[in-house]
Amino acid sequence: MDYPYLLSEILRGAWMLDVHSSLSFAPFLLQLSEGKSLPELVEKKSAIKTMIVTASGHQAELSSIFDEVPGGSVAIISLSGTMLKSGTLCSWGTTELAQKLWEAHNHKNISGIIFDVDSGGGAVNSIAPLTEFMAKKSKPIVGLGDTVGSAAYYMLSGANHIMASNSISAAFGSIGVMISWMDVQPFYEKMGVKFHSIYSDHSQYKNNAFELALKDDYSMIKKEMLNPLAIAFQNHVKSMRGSKLNLEVEGLLSGKMFFAKDALDFGLIDSIGDRSRAIDKVLELADINQFLLNS
């Protein structure tokens with residue numbers, strides 16, 4: 001079932017994805033179109049691994065058992081690559097990652113979590129499991145990012161603290177929505193193929209925006225699909241980042257990506273560091289939480 005789901009999401013899904021990530025799909029899709037099967041193209045995914053850092057600084061990699069670590073530990077969970085809601089043979093879905101985040105979050109031995117993200121975004125329906133976690137969490141979450149674009153930034157904006165993992169390649173933003181597809185109909189029409197789309201008299205609005213787009217009229221698909229998604233994206237980021245954002249920066253909420261220094265200056269992130277600094281930040285926030293609970 002993984003293989004058809006992946007193809008379905010690629011071909012029909014709505015995406016929040018930066019252009020560089022979308023272009024990286026091209027060789028993969030070309031090989032699929034040539035009839036190569038999925039096992040020939042990808043390696044089977046391994047179990048979700050969680051890096052644990054104890055209060056003493058000891059590090060260990062676990063699959064799931066948090067009972068084995070001492071109290072006050074930090075869990076490091078990674079999201080890498082294109083975001084999909086459900087897992088496939090080659091990647092974990094955000095529903096599964098959210099379950100892992102909750103497992104760590106709810107364990108008494110875990111004081112906080114580093115969500116290590118390197119993703120240009122993904123399917124729109126992949127966002128909700130992670131934004132729900134961000135909205136309901138009570139322990140501190142530090143987002144440690146390299147590339148964090150589009151859907152990935154949508155969900156990570158809800159972290160307590162966002163840190164760029166470096167000042168060289170780390171980039172944030174691509175706050176925007178787009179849709180694209182290849183219209184192969186003219187190609188087949190030249191070969192004599194005739195297309196028919198017949199709708200019920202009671203289904204006059206079905207696929208209306210798509211049918212107009214095929215005729216180069218994009219107004220309805222923008223109005224009914226893209227614009228609402230883009231506005232919701234902007235409003236979510238503004239609600240999460242608040243007064244930190246410099247809304248006067250051109251393109252900040254309309255699709256630009258920013259390297260770490262500019263992302264920090266413009267309020268998309270809170271600091272630039274590395275994993276060690278992220279661990280320190282989680283523990284600092286955990287101490288603050290504990291102080292507030294006891295006061």
# chains A, B, ... in the order shown; residues from 1 in each chain; ligands from 1
$ closest_atom_pairs --of "region 202-245 of chain A" --to "region 170-181 of chain A" --cutoff "10 Å" --atoms "only C-alpha atoms" --output "tab-separated table"
residue	atom	partner	partner_atom	distance
A:Ile221	CA	A:Ile179	CA	9.3
A:Lys222	CA	A:Met178	CA	9.1
A:Met225	CA	A:Val177	CA	9.4
A:Leu226	CA	A:Val177	CA	6.1
A:Asn227	CA	A:Val177	CA	7.9
A:Pro228	CA	A:Val177	CA	9.5
A:Leu229	CA	A:Val177	CA	6.8
A:Ala230	CA	A:Gly176	CA	5.5
A:Ile231	CA	A:Gly176	CA	8.6
A:Ala232	CA	A:Gly176	CA	9.9
A:Phe233	CA	A:Ile175	CA	7.0
A:Gln234	CA	A:Ile175	CA	7.0
A:Val237	CA	A:Ile175	CA	8.6
$ select_by_dssp --residues "region 79-280 of chain A" --states "strand (DSSP E)" --output "VMD selection string"
chain A and resid 79 to 80 110 to 119 121 to 123 141 to 149 161 to 164 171 to 173 257 to 259 271 to 272
$ atom_distance --atom1 "CA of Phe133 (chain A)" --atom2 "CA of Val249 (chain A)"
29.5 Å
$ closest_atom_pairs --of "region 188-290 of chain A" --to "region 67-82 of chain A" --cutoff "12 Å" --atoms "only C-alpha atoms" --output "JSON lines"
{"residue": "A:Arg275", "atom": "CA", "partner": "A:Ile76", "partner_atom": "CA", "distance": 9.3}
{"residue": "A:Ser276", "atom": "CA", "partner": "A:Val74", "partner_atom": "CA", "distance": 11.3}
{"residue": "A:Ala278", "atom": "CA", "partner": "A:Ile76", "partner_atom": "CA", "distance": 9.8}
{"residue": "A:Ile279", "atom": "CA", "partner": "A:Val74", "partner_atom": "CA", "distance": 7.1}
{"residue": "A:Asp280", "atom": "CA", "partner": "A:Val74", "partner_atom": "CA", "distance": 9.7}
{"residue": "A:Lys281", "atom": "CA", "partner": "A:Val74", "partner_atom": "CA", "distance": 10.5}
{"residue": "A:Val282", "atom": "CA", "partner": "A:Val74", "partner_atom": "CA", "distance": 7.5}
{"residue": "A:Leu283", "atom": "CA", "partner": "A:Val74", "partner_atom": "CA", "distance": 7.7}
{"residue": "A:Glu284", "atom": "CA", "partner": "A:Gly72", "partner_atom": "CA", "distance": 11.4}
{"residue": "A:Leu285", "atom": "CA", "partner": "A:Val74", "partner_atom": "CA", "distance": 11.6}
{"residue": "A:Ala286", "atom": "CA", "partner": "A:Gly72", "partner_atom": "CA", "distance": 8.8}
{"residue": "A:Asp287", "atom": "CA", "partner": "A:Gly72", "partner_atom": "CA", "distance": 9.8}
{"residue": "A:Gln290", "atom": "CA", "partner": "A:Gly72", "partner_atom": "CA", "distance": 11.2}
$ write_last_selection --atoms "C-alpha atoms" --output "CSV table (one decimal), in the first residue's frame"
chain,number,residue,atom,x,y,z
A,275,ARG,CA,23.3,20.8,18.6
A,276,SER,CA,25.2,21.5,21.8
A,278,ALA,CA,20.3,23.5,21.4
A,279,ILE,CA,20.7,21.1,24.2
A,280,ASP,CA,21.6,23.9,26.6
A,281,LYS,CA,18.6,25.9,25.4
A,282,VAL,CA,16.2,23.0,26.0
A,283,LEU,CA,17.5,22.5,29.6
A,284,GLU,CA,17.4,26.2,30.2
A,285,LEU,CA,13.7,26.4,29.2
A,286,ALA,CA,13.0,23.2,31.2
A,287,ASP,CA,14.5,24.8,34.3
A,290,GLN,CA,10.0,23.9,36.6
$ residues_around --residues "Lys139 (chain A)" --least-positions-apart "4" --cutoff "8 Å" --atoms "only C-alpha atoms" --output "PyMOL selection string"
chain A and resi 105+111-113+286+289
$ write_last_selection --atoms "N, CA and C atoms" --output "compact mmCIF listing (two decimals), in the first residue's frame"
# COMPACT_ATOMS: atom_id res chain seq x y z
N HIS A 105 7.64 13.32 24.82
CA HIS A 105 7.09 14.43 25.59
C HIS A 105 6.41 13.96 26.87
N SER A 111 12.96 15.89 29.79
CA SER A 111 12.67 17.28 30.20
C SER A 111 12.27 18.16 29.03
N GLY A 112 12.72 17.82 27.83
CA GLY A 112 12.42 18.62 26.65
C GLY A 112 12.91 17.91 25.41
N ILE A 113 12.57 18.49 24.25
CA ILE A 113 12.85 17.85 22.97
C ILE A 113 13.52 18.83 22.02
N ALA A 286 13.57 24.20 30.25
CA ALA A 286 12.98 23.24 31.18
C ALA A 286 13.11 23.72 32.62
N ASN A 289 10.53 26.37 33.17
CA ASN A 289 9.21 25.75 33.35
C ASN A 289 9.04 25.21 34.76
$ select_by_dssp --residues "region 58-95 of chain A" --states "helix (DSSP H, G or I)" --output "VMD selection string"
chain A and resid 66 to 68 94 to 95
$ write_last_selection --atoms "N, CA and C atoms" --output "short mmCIF file (atom, residue, chain, number, x, y, z; two decimals), in the first residue's frame"
data_model
loop_
_atom_site.label_atom_id
_atom_site.label_comp_id
_atom_site.auth_asym_id
_atom_site.auth_seq_id
_atom_site.Cartn_x
_atom_site.Cartn_y
_atom_site.Cartn_z
N PHE A 66 12.27 4.87 26.76
CA PHE A 66 12.75 6.00 27.54
C PHE A 66 12.94 5.65 29.02
N ASP A 67 12.43 4.48 29.44
CA ASP A 67 12.61 4.05 30.83
C ASP A 67 14.07 3.82 31.16
N GLU A 68 14.89 3.60 30.13
CA GLU A 68 16.30 3.25 30.35
C GLU A 68 17.18 4.47 30.60
N THR A 94 4.39 12.19 8.98
CA THR A 94 4.32 13.10 10.12
C THR A 94 3.41 12.56 11.23
N THR A 95 2.44 11.69 10.89
CA THR A 95 1.63 11.08 11.94
C THR A 95 2.50 10.20 12.84
#
$ residues_around --residues "Gly267 (chain A)" --least-positions-apart "2" --cutoff "10 Å" --atoms "only C-alpha atoms" --output "PDB file with C-alpha atoms, in the first residue's frame"
ATOM      1  CA  ILE A 162      13.972  28.136  16.719  1.00  0.00           C
ATOM      2  CA  ARG A 241       6.181  34.471  15.999  1.00  0.00           C
ATOM      3  CA  GLY A 242       4.266  37.598  17.008  1.00  0.00           C
ATOM      4  CA  SER A 243       6.189  40.830  17.417  1.00  0.00           C
ATOM      5  CA  LYS A 244       9.480  39.087  16.610  1.00  0.00           C
ATOM      6  CA  LEU A 245       8.670  39.288  12.894  1.00  0.00           C
ATOM      7  CA  ASN A 246       9.755  42.291  10.878  1.00  0.00           C
ATOM      8  CA  LEU A 247       6.744  42.469   8.600  1.00  0.00           C
ATOM      9  CA  LEU A 252       9.037  37.661   4.408  1.00  0.00           C
ATOM     10  CA  ASP A 262      18.882  37.403   7.846  1.00  0.00           C
ATOM     11  CA  ALA A 263      16.353  34.945   9.283  1.00  0.00           C
ATOM     12  CA  LEU A 264      17.561  35.947  12.753  1.00  0.00           C
ATOM     13  CA  ASP A 265      17.503  39.672  11.974  1.00  0.00           C
ATOM     14  CA  ILE A 269      14.363  32.324  14.098  1.00  0.00           C
ATOM     15  CA  ASP A 270      15.636  33.066  17.599  1.00  0.00           C
ATOM     16  CA  SER A 271      19.316  32.148  17.452  1.00  0.00           C
TER      17      SER A 271
END
$ atom_distance --atom1 "CA of Met83 (chain A)" --atom2 "CA of Gly121 (chain A)"
5.8 Å
$ residues_around --residues "region 184-194 of chain A" --least-positions-apart "3" --cutoff "12 Å" --atoms "only C-alpha atoms" --output "ChimeraX atom specification"
/A:181,197,214-215
$ write_last_selection --atoms "C-alpha atoms" --output "mmCIF file, in the first residue's frame"
data_model
loop_
_atom_site.group_PDB
_atom_site.id
_atom_site.type_symbol
_atom_site.label_atom_id
_atom_site.label_comp_id
_atom_site.auth_asym_id
_atom_site.auth_seq_id
_atom_site.Cartn_x
_atom_site.Cartn_y
_atom_site.Cartn_z
ATOM 1 C CA TRP A 181 1.186 20.052 -13.100
ATOM 2 C CA SER A 197 -15.401 15.301 -19.350
ATOM 3 C CA LEU A 214 -6.797 23.801 -18.023
ATOM 4 C CA LYS A 215 -8.085 26.662 -20.172
#
$ closest_residue --among "A:Gly149, A:Gly143, A:Gly93, A:Gly251" --to "Pro129 (chain A)" --atoms "only C-alpha atoms"
A:Gly93
$ closest_residue --among "A:Asp118, A:Glu224, A:Asp274, A:Glu132" --to "Ser150 (chain A)" --atoms "only C-alpha atoms"
A:Asp118
$ atom_distance --atom1 "CA of Met134 (chain A)" --atom2 "CA of Gly57 (chain A)"
25.9 Å
$ residues_around --residues "Ala60 (chain A)" --least-positions-apart "2" --cutoff "10 Å" --atoms "only C-alpha atoms" --output "number ranges by chain"
A: 50-54, 57-58, 62, 69, 75
$ write_last_selection --atoms "C-alpha atoms" --output "PDB file, in the first residue's frame"
ATOM      1  CA  THR A  50      15.783   9.035  19.062  1.00  0.00           C
ATOM      2  CA  MET A  51      19.048  10.503  20.320  1.00  0.00           C
ATOM      3  CA  ILE A  52      19.011  10.922  24.089  1.00  0.00           C
ATOM      4  CA  VAL A  53      21.278  13.350  25.921  1.00  0.00           C
ATOM      5  CA  THR A  54      21.373  12.975  29.692  1.00  0.00           C
ATOM      6  CA  GLY A  57      26.067  14.980  28.746  1.00  0.00           C
ATOM      7  CA  HIS A  58      26.018  11.270  27.881  1.00  0.00           C
ATOM      8  CA  LEU A  62      17.283   4.565  21.208  1.00  0.00           C
ATOM      9  CA  VAL A  69      17.468   6.872  30.585  1.00  0.00           C
ATOM     10  CA  ALA A  75      15.269  13.703  23.333  1.00  0.00           C
TER      11      ALA A  75
END
